[in-house]
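One file, start-v6.cif, is given below (mmCIF, C-alpha atoms).
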```cif
data_final
loop_
_atom_site.label_atom_id
_atom_site.label_comp_id
_atom_site.auth_asym_id
_atom_site.auth_seq_id
_atom_site.Cartn_x
_atom_site.Cartn_y
_atom_site.Cartn_z
CA MET A 1 109.45 185.64 84.24
CA LEU A 2 113.15 185.84 83.75
CA ASN A 3 114.50 189.26 84.64
CA TYR A 4 118.08 190.07 83.61
CA SER A 5 119.76 193.01 85.30
CA VAL A 6 123.16 194.38 84.32
CA ALA A 7 124.88 197.69 83.68
CA GLU A 8 124.27 197.58 79.93
CA LEU A 9 123.45 194.55 77.82
CA ARG A 10 122.74 193.62 74.24
CA VAL A 11 120.75 190.56 73.31
CA VAL A 12 121.60 189.00 69.97
CA ILE A 13 119.45 186.24 68.50
CA PRO A 14 121.27 184.50 65.63
CA PHE A 15 119.26 183.32 62.64
CA PRO A 16 118.58 180.77 61.36
CA LEU A 17 118.52 178.40 64.31
CA SER A 18 116.16 175.58 65.19
CA ARG A 19 116.56 176.70 68.78
CA PRO A 20 117.40 180.42 68.74
CA LYS A 21 120.01 181.62 71.20
CA ILE A 22 119.87 184.81 73.17
CA CYS A 23 123.42 186.04 73.59
CA PHE A 24 124.12 188.60 76.29
CA HIS A 25 127.03 190.97 75.75
CA ALA A 26 127.76 193.59 78.40
CA TRP A 27 129.34 196.93 77.85
CA ASN A 28 129.77 200.15 79.92
CA LEU A 29 130.09 197.91 82.97
CA PHE A 30 130.78 200.81 85.33
CA PHE A 31 127.75 200.48 87.55
CA PRO A 32 127.33 198.41 90.69
CA ARG A 33 125.18 195.37 90.34
CA VAL A 34 121.50 196.27 89.91
CA VAL A 35 118.89 194.26 91.83
CA ALA A 36 116.06 193.42 89.50
CA LYS A 37 112.48 194.27 90.40
CA LEU A 38 109.89 191.53 90.69
CA HIS A 39 106.95 191.76 88.31
CA PRO A 40 103.77 191.08 90.31
CA THR A 41 102.41 188.42 87.96
CA VAL A 42 105.59 186.83 86.64
CA PRO A 43 108.10 186.82 89.49
CA LEU A 44 111.14 185.03 88.11
CA PRO A 45 114.07 187.48 87.89
CA LEU A 46 117.52 186.58 86.73
CA MET A 47 120.25 189.09 87.54
CA ALA A 48 123.71 189.18 86.04
CA ASN A 49 126.50 191.62 85.41
CA ASP A 50 128.34 190.26 82.41
CA ILE A 51 128.45 188.01 79.38
CA GLY A 52 126.11 185.05 79.04
CA THR A 53 124.30 182.86 76.55
CA ARG A 54 120.74 181.61 76.82
CA SER A 55 119.21 178.97 74.54
CA LEU A 56 115.46 178.63 74.27
CA PRO A 57 113.22 176.32 72.26
CA ALA A 58 111.96 177.73 68.99
CA THR A 59 108.56 179.41 69.16
CA SER A 60 105.80 176.91 68.44
CA THR A 61 102.26 176.05 69.45
CA GLU A 62 103.72 174.29 72.49
CA SER A 63 106.38 176.84 73.38
CA VAL A 64 106.11 180.63 73.22
CA PHE A 65 108.33 183.09 75.06
CA GLU A 66 108.12 186.87 75.33
CA TYR A 67 110.47 189.58 76.52
CA SER A 68 110.15 193.09 77.87
CA VAL A 69 112.70 195.79 78.64
CA GLY A 70 112.11 197.75 81.82
CA ASP A 71 108.38 198.24 82.17
CA GLY A 72 107.87 198.32 78.40
CA GLU A 73 105.50 196.28 76.29
CA TRP A 74 105.87 192.54 75.93
CA LYS A 75 107.15 191.35 72.55
CA THR A 76 107.35 187.90 71.02
CA LEU A 77 110.76 186.32 71.17
CA ASP A 78 111.48 184.81 67.76
CA ASP A 79 114.03 184.75 64.94
CA GLN A 80 113.07 188.32 63.95
CA THR A 81 113.76 189.84 67.36
CA GLY A 82 117.29 190.93 66.50
CA GLU A 83 119.15 193.03 69.08
CA VAL A 84 117.59 194.23 72.33
CA LYS A 85 119.41 196.74 74.52
CA PHE A 86 118.68 196.78 78.22
CA GLY A 87 120.26 197.29 81.63
CA GLY A 88 121.34 200.41 83.46
CA SER A 89 119.03 203.31 82.69
CA LYS A 90 117.15 201.19 80.13
CA GLY A 91 115.78 198.87 82.79
CA ASN A 92 115.75 195.13 83.18
CA LEU A 93 115.04 192.47 80.60
CA ARG A 94 112.14 190.22 81.54
CA LEU A 95 111.17 186.92 79.95
CA ARG A 96 107.96 184.96 80.35
CA GLY A 97 106.56 181.87 78.74
CA LYS A 98 103.63 179.79 77.62
CA SER A 99 105.31 176.43 77.33
CA LEU A 100 103.85 173.22 78.68
CA LEU A 101 107.22 171.63 77.95
CA GLY A 102 109.07 174.14 80.14
CA THR A 103 112.40 175.32 78.79
CA ASN A 104 112.97 171.96 77.11
CA TYR A 105 116.74 171.52 77.51
CA SER A 106 117.55 175.22 77.13
CA ASN A 107 120.76 176.40 78.78
CA ILE A 108 122.10 179.59 80.37
CA SER A 109 125.84 180.18 80.55
CA PHE A 110 128.09 183.13 81.35
CA THR A 111 131.58 183.25 79.96
CA ASP A 112 133.19 185.73 82.36
CA PRO A 113 134.26 183.90 85.54
CA ASP A 114 133.89 187.11 87.58
CA VAL A 115 130.22 187.66 86.72
CA LYS A 116 127.58 187.33 89.45
CA VAL A 117 124.25 185.76 88.52
CA SER A 118 121.17 185.50 90.69
CA CYS A 119 117.81 183.99 89.82
CA THR A 120 114.79 184.17 92.11
CA GLY A 121 111.05 183.69 91.83
CA ASP A 122 108.81 180.90 90.50
CA ILE A 123 110.13 178.78 87.63
CA ARG A 124 106.56 177.97 86.56
CA THR A 125 106.20 181.44 85.04
CA LEU A 126 108.03 179.97 82.05
CA VAL A 127 105.29 177.34 81.75
CA ASP A 128 102.32 179.69 82.00
CA TYR A 129 102.98 183.19 83.30
CA GLU A 130 99.26 183.94 83.76
CA TYR A 131 98.26 180.82 85.65
CA TYR A 132 101.60 179.66 86.96
CA ARG A 133 100.28 178.92 90.44
CA THR A 134 97.86 176.29 89.11
CA VAL A 135 99.41 175.19 85.81
CA GLU A 136 99.97 171.47 85.23
CA THR A 137 103.66 170.65 85.40
CA ASP A 138 103.73 166.96 84.51
CA GLN A 139 105.21 167.69 81.05
CA ALA A 140 107.48 170.61 81.93
CA THR A 141 111.24 170.06 82.03
CA PHE A 142 114.02 172.46 82.99
CA SER A 143 116.88 170.04 82.42
CA TYR A 144 120.32 171.62 81.92
CA LEU A 145 118.92 175.14 82.43
CA PHE A 146 121.89 176.33 84.51
CA ASN A 147 124.20 173.41 83.77
CA GLY A 148 127.83 174.55 84.11
CA CYS A 149 126.89 178.08 85.21
CA THR A 150 129.79 178.45 87.63
CA VAL A 151 128.76 181.98 88.64
CA LEU A 152 125.15 181.28 89.64
CA THR A 153 124.69 182.29 93.28
CA THR A 154 120.91 182.00 93.75
CA ALA A 155 118.46 179.46 92.35
CA PRO A 156 114.79 180.07 91.49
CA GLU A 157 111.88 178.56 93.39
CA LEU A 158 110.79 175.09 92.23
CA PRO A 159 107.37 174.66 93.85
CA ALA A 160 105.84 172.09 91.47
CA MET A 161 104.24 169.14 93.28
CA LYS A 162 104.07 166.83 90.25
CA LEU A 163 107.17 166.36 88.12
CA ALA A 164 107.87 165.25 84.57
CA ALA A 165 110.47 162.67 83.63
CA TYR A 166 113.90 164.36 83.52
CA CYS A 167 112.30 167.50 85.00
CA TYR A 168 115.36 168.88 86.82
CA THR A 169 118.06 166.59 85.43
CA ASN A 170 121.45 168.38 85.46
CA MET A 171 119.65 171.65 86.16
CA PHE A 172 122.39 173.07 88.41
CA LYS A 173 125.19 170.61 87.68
CA GLY A 174 128.57 172.28 88.07
CA CYS A 175 127.16 175.50 89.57
CA THR A 176 130.20 175.93 91.79
CA SER A 177 129.06 179.28 93.29
CA LEU A 178 125.63 178.05 94.39
CA THR A 179 125.42 177.75 98.18
CA LYS A 180 121.72 177.06 98.79
CA ALA A 181 119.35 174.68 97.07
CA PRO A 182 115.68 175.62 96.65
CA LYS A 183 112.92 173.75 98.46
CA LEU A 184 111.78 170.64 96.60
CA PRO A 185 108.23 169.90 97.78
CA ALA A 186 107.19 167.51 94.98
CA THR A 187 105.41 164.36 96.13
CA GLU A 188 104.74 162.86 92.68
CA LEU A 189 108.09 162.01 91.12
CA ALA A 190 109.01 160.70 87.68
CA GLU A 191 111.96 158.85 86.18
CA TYR A 192 115.28 160.73 86.44
CA CYS A 193 113.51 163.85 87.75
CA TYR A 194 116.34 164.97 90.08
CA GLN A 195 119.22 163.06 88.53
CA CYS A 196 122.54 164.97 88.76
CA MET A 197 120.59 168.07 89.76
CA PHE A 198 123.32 169.53 91.99
CA GLU A 199 126.25 167.35 90.98
CA GLY A 200 129.54 169.16 91.45
CA CYS A 201 128.04 172.13 93.32
CA SER A 202 131.15 172.35 95.48
CA LYS A 203 129.98 175.30 97.62
CA LEU A 204 126.49 173.97 98.33
CA THR A 205 125.89 173.92 102.10
CA GLU A 206 122.11 174.39 102.47
CA VAL A 207 119.63 171.85 101.13
CA PRO A 208 115.91 171.29 101.77
CA SER A 209 115.14 169.90 105.22
CA GLU A 210 113.14 167.10 103.64
CA LEU A 211 112.48 165.34 100.36
CA PRO A 212 108.85 164.46 101.09
CA ALA A 213 107.98 161.91 98.40
CA THR A 214 107.13 158.55 99.95
CA THR A 215 107.02 156.62 96.66
CA LEU A 216 110.01 156.94 94.35
CA ALA A 217 110.68 156.56 90.61
CA ILE A 218 113.52 154.99 88.64
CA CYS A 219 116.76 156.96 89.12
CA CYS A 220 114.83 159.85 90.65
CA TYR A 221 117.58 160.93 93.10
CA SER A 222 120.56 159.27 91.45
CA TYR A 223 123.75 161.38 91.52
CA MET A 224 121.68 164.27 92.92
CA PHE A 225 124.34 165.66 95.29
CA MET A 226 127.36 163.85 93.91
CA ASN A 227 130.63 165.68 94.68
CA CYS A 228 128.94 168.43 96.70
CA THR A 229 132.08 168.60 98.80
CA SER A 230 130.90 171.33 101.23
CA LEU A 231 127.61 169.64 102.11
CA ASN A 232 127.68 168.51 105.74
CA ALA A 233 123.99 167.74 106.30
CA SER A 234 121.46 165.93 104.15
CA PRO A 235 117.70 166.22 103.65
CA LYS A 236 115.37 163.88 105.47
CA LEU A 237 114.38 161.07 103.10
CA SER A 238 110.71 160.19 103.58
CA ALA A 239 110.46 157.36 101.06
CA THR A 240 109.20 153.97 102.13
CA SER A 241 108.59 152.58 98.62
CA LEU A 242 111.71 152.47 96.45
CA GLU A 243 112.39 152.01 92.74
CA ASN A 244 115.43 150.69 90.89
CA ASN A 245 118.48 152.97 91.12
CA CYS A 246 116.49 155.56 93.06
CA TYR A 247 119.34 156.64 95.39
CA ARG A 248 122.26 155.43 93.31
CA CYS A 249 125.36 157.58 93.96
CA MET A 250 123.15 160.22 95.59
CA PHE A 251 125.82 161.50 97.99
CA GLN A 252 128.92 160.03 96.38
CA GLY A 253 131.95 162.23 97.00
CA CYS A 254 130.25 164.40 99.64
CA THR A 255 133.43 164.55 101.67
CA SER A 256 132.01 166.87 104.38
CA LEU A 257 128.83 164.85 105.08
CA THR A 258 128.86 163.52 108.67
CA THR A 259 125.43 161.94 109.16
CA ALA A 260 123.48 159.96 106.60
CA PRO A 261 119.73 160.42 106.33
CA GLU A 262 117.72 157.60 107.90
CA LEU A 263 116.86 155.01 105.24
CA LYS A 264 113.35 153.91 106.20
CA ALA A 265 112.31 151.53 103.44
CA SER A 266 111.72 147.98 104.63
CA THR A 267 112.27 146.35 101.24
CA LEU A 268 115.20 147.21 98.98
CA VAL A 269 115.17 147.06 95.18
CA ASN A 270 117.83 146.62 92.52
CA ASN A 271 120.73 149.08 92.81
CA CYS A 272 118.77 151.33 95.17
CA TYR A 273 121.69 152.25 97.48
CA TRP A 274 124.50 151.46 95.05
CA LEU A 275 127.47 153.78 95.84
CA MET A 276 125.09 156.01 97.79
CA PHE A 277 127.73 157.19 100.31
CA TYR A 278 130.86 156.23 98.41
CA ASP A 279 133.83 158.39 99.43
CA CYS A 280 131.90 160.29 102.11
CA SER A 281 135.08 160.30 104.15
CA LYS A 282 133.72 162.10 107.24
CA LEU A 283 130.55 160.04 107.52
CA SER A 284 130.10 158.84 111.10
CA SER A 285 126.48 157.70 111.40
CA VAL A 286 124.29 155.52 109.13
CA THR A 287 120.82 154.10 109.81
CA MET A 288 119.39 151.53 107.35
CA LEU A 289 116.17 149.85 108.49
CA ALA A 290 115.37 147.41 105.68
CA ASP A 291 114.42 143.83 106.51
CA ASP A 292 114.49 142.55 102.93
CA VAL A 293 117.94 143.17 101.45
CA SER A 294 117.82 140.46 98.78
CA ALA A 295 117.57 142.72 95.70
CA GLU A 296 120.40 142.69 93.18
CA SER A 297 123.27 145.08 93.98
CA CYS A 298 121.05 147.01 96.38
CA LEU A 299 123.98 147.72 98.75
CA LEU A 300 126.89 147.39 96.37
CA TYR A 301 129.73 149.69 97.51
CA TRP A 302 127.22 151.81 99.43
CA LEU A 303 129.75 152.62 102.18
CA GLN A 304 132.94 152.12 100.23
CA ASP A 305 135.62 154.60 101.41
CA ALA A 306 133.06 156.21 103.73
CA GLY A 307 133.94 157.25 107.27
CA THR A 308 137.67 156.91 106.71
CA GLN A 309 138.30 160.31 108.33
CA ALA A 310 135.64 160.02 111.05
CA THR A 311 136.84 159.56 114.62
CA SER A 312 134.07 156.99 115.19
CA ARG A 313 131.32 155.27 113.25
CA THR A 314 127.82 154.09 114.19
CA LEU A 315 125.78 151.74 112.01
CA ILE A 316 122.16 151.00 112.94
CA LEU A 317 120.34 148.17 111.19
CA SER A 318 116.91 146.64 111.64
CA SER A 319 118.27 143.41 113.09
CA GLN A 320 121.27 141.19 113.61
CA THR A 321 119.94 138.94 110.84
CA VAL A 322 120.20 141.81 108.37
CA TYR A 323 123.73 142.52 109.55
CA PHE A 324 124.92 139.05 108.70
CA GLY A 325 122.99 139.23 105.42
CA ILE A 326 124.82 142.36 104.28
CA LYS A 327 128.15 141.81 105.99
CA ASN A 328 129.92 141.16 102.70
CA ASN A 329 128.71 144.56 101.45
CA LEU A 330 130.29 146.38 104.40
CA PRO A 331 133.88 147.65 104.23
CA ALA A 332 136.08 146.64 107.15
CA ASN A 333 135.72 149.93 109.03
CA TRP A 334 131.90 149.56 109.19
CA LYS A 335 131.85 146.00 110.50
CA ALA A 336 131.14 145.01 114.07
CA GLY A 337 134.38 144.67 115.97
CA SER A 338 136.20 147.29 113.94
CA GLU A 339 138.06 149.90 115.95
CA ASN A 340 135.86 152.87 116.94
CA THR A 341 132.82 151.33 115.20
CA THR A 342 129.51 150.52 116.90
CA VAL A 343 126.86 148.38 115.22
CA THR A 344 123.41 148.00 116.78
CA ASP A 345 119.92 146.95 115.83
CA LYS A 346 117.06 149.45 115.74
CA ASP A 347 116.31 148.79 119.43
CA GLY A 348 119.84 149.65 120.47
CA ASN A 349 121.04 146.11 121.05
CA ALA A 350 124.70 145.63 120.19
CA ILE A 351 125.55 143.49 117.18
CA THR A 352 128.82 141.64 117.42
CA GLN A 353 130.82 139.43 115.14
#
```
Re-express the file's structure as structure tokens.
Amino acid sequence: MLNYSVAELRVVIPFPLSRPKICFHAWNLFFPRVVAKLHPTVPLPLMANDIGTRSLPATSTESVFEYSVGDGEWKTLDDQTGEVKFGGSKGNLRLRGKSLLGTNYSNISFTDPDVKVSCTGDIRTLVDYEYYRTVETDQATFSYLFNGCTVLTTAPELPAMKLAAYCYTNMFKGCTSLTKAPKLPATELAEYCYQCMFEGCSKLTEVPSELPATTLAICCYSYMFMNCTSLNASPKLSATSLENNCYRCMFQGCTSLTTAPELKASTLVNNCYWLMFYDCSKLSSVTMLADDVSAESCLLYWLQDAGTQATSRTLILSSQTVYFGIKNNLPANWKAGSENTTVTDKDGNAITQ
């Protein structure tokens, strides 16, 4: 369920539209922000206090959404809905869905830069609000849902274990007020599932402790945290089986990141670590344990402009043989013999020029 809470809102659904938009216009904005109540069976509230626009797929056999004001009856959301008043004394607006395709590239945006938006609860209530705990999620996408929502402060729960291709692509891209990412427990990934998910979230400081998938998909984590300039710690990366472009540009531009996650995979694939830590200027520690580094562009620019502001740097590789195999892909400040740089193998033996 989506639950919108604000002093006083009007929802306008223009017609005709192939994908109707729900436009939120606030008035009488004299009240303090209202915290929305969780509905016991559809707990996905979204709270805001000013203007926003929400696009949803047109109602069809695959995608049906409903809305309710306060604790009132549920009504079908379609091109005949017209205006719906809610907020303040009228109560919150709630949305729920029956949509195996998820929100299917729908987007929420708020035009007032001073608005505060919070969304909590289980995103799967937009897939099947009755059976959301057990619903299949391998076709559901929420791509672009909050893309560019600079006032979003809280993200919903994303508990799905099996993801669709493009599932969360660009979902929170540019959400510059978001400080904490939700847990991401999925173990069955799909192509592009997390691509650009948090790109440009400049205030993001808390991320999941682990990304638990051990087998990856094409571009699954590419650009995921790109330009998250406040992020100083990364999730543990559990993967041992990689796919092309899987980590490409994942942490590029994370200028506060100090320690890279341990890279456990023994065999690299095409473009897997391409630009992964590019411009991570404070990066001081990197562990990469691959033995087979022969794949095309697997380490291209992976540490370019990284560690330039760190007082020291430590690079741990699986062996001295690997070091000499990748030496040409290391910038000068990450090479053995460079000032304030230590390079060792996985057993702690020093690697020298």
Point-to-point distance from CA of Lys90 (chain A) to CA of Cys119 (chain A), Å rounded to tenths: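 Distance between the two atoms: 19.8 Å.
Between CA of Asp291 (chain A) and CA of Pro208 (chain A) the interatomic distance comes to 27.9 Å.
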Between CA of Asn170 (chain A) and CA of Thr141 (chain A) - distance in Å to one decimal: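 These atoms are spaced 10.9 Å apart.
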Chain and number of each residue from the PyMOL selection byres ((chain A and resi 337-341) around 6), as a list in words: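 On this input, the PyMOL selection byres ((chain A and resi 337-341) around 6) captures Ser312, Arg313, Thr314, Asn333, Lys335, Ala336 and Thr342 of chain A.
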Close residues, Gly97 (chain A) itself excluded, 10 Å, only C-alpha atoms, min 2 positions apart in chain, as a ChimeraX atom specification: /A:1-2,42,63-67,76-77,95,99-100,102-103,124-130,132
Neighbour residues at most 9 Å from (114.9, 176.6, 100.8) (all atoms listed in the file) as a list of chain:residue names: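 Answer for this query, in the requested form: A:Glu157, A:Lys180, A:Ala181, A:Pro182, A:Lys183, A:Leu184, A:Glu206, A:Val207, A:Pro208, A:Ser209.
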Using all atoms listed in the file: which of A:Phe146, A:Tyr221, A:Phe324, A:Tyr278 has the shortest distance to Asp305 (chain A): A:Tyr278
Which residue of A:Phe172, A:Tyr301, A:Tyr194, A:Tyr105 approaches Ala155 (chain A) most closely, using all atoms listed in the file: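 Looking at the shortest contact to Ala155 (chain A), the residue is A:Phe172.
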Mind checking which residues fall within 7 Å of Cys298 (chain A), counting only C-alpha atoms, ignoring those fewer than 4 positions away in the same chain, and posting them as a compact mmCIF listing (two decimals) with C-alpha atoms, keeping the file's coordinate frame?
```
# COMPACT_ATOMS: atom_id res chain seq x y z
CA LEU A 268 115.20 147.21 98.98
CA VAL A 269 115.17 147.06 95.18
CA ASN A 270 117.83 146.62 92.52
CA ASN A 271 120.73 149.08 92.81
CA CYS A 272 118.77 151.33 95.17
CA TYR A 273 121.69 152.25 97.48
CA TRP A 274 124.50 151.46 95.05
```
Residue among A:Ser202, A:Asn227, A:Ser234, A:Ser106 lying closest to Tyr168 (chain A), counting only C-alpha atoms: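 With only C-alpha atoms as the atom set, the closest residue is A:Ser106.
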Distance criterion (all atoms listed in the file): nearest to Cys167 (chain A) out of A:Asp279, A:Asp347, A:Glu188, A:Glu73: A:Glu188
Answer key for the PyMOL selection byres ((chain A and resi 260) around 10), residues as a ChimeraX atom specification: /A:232-237,251,257-259,261-263,276-277,280,283-288
Pick from A:Thr229, A:Thr267, A:Val293, A:Ala310 nearest to Ser281 (chain A), counting all atoms listed in the file: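 With all atoms listed in the file as the atom set, the closest residue is A:Ala310.
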Radius query 8 Å about (120.6, 146.3, 108.5), atoms used: only C-alpha atoms, as number ranges by chain: A: 287-291, 316-323, 326, 345
Box dimensions and centre (Å, one decimal) enclosing region 253-262 of chain A, axis-aligned, 8 Å extra per side, as AutoDock Vina command-line options:
```
--center_x 125.6 --center_y 162.2 --center_z 103.1 --size_x 31.7 --size_y 25.3 --size_z 28.2
```
Residue among A:Thr240, A:Leu216, A:Leu300, A:Phe198 lying closest to Cys254 (chain A), counting all atoms listed in the file: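 Using all atoms listed in the file, the shortest distance to Cys254 (chain A) belongs to A:Phe198.
Excluding Cys220 (chain A) and any residue on its chain fewer than 4 positions from it, the residues at most 7 Å away by all atoms listed in the file are Ala190, Glu191, Tyr192, Cys193, Tyr194, Gln195, Leu216 and Cys246 of chain A.
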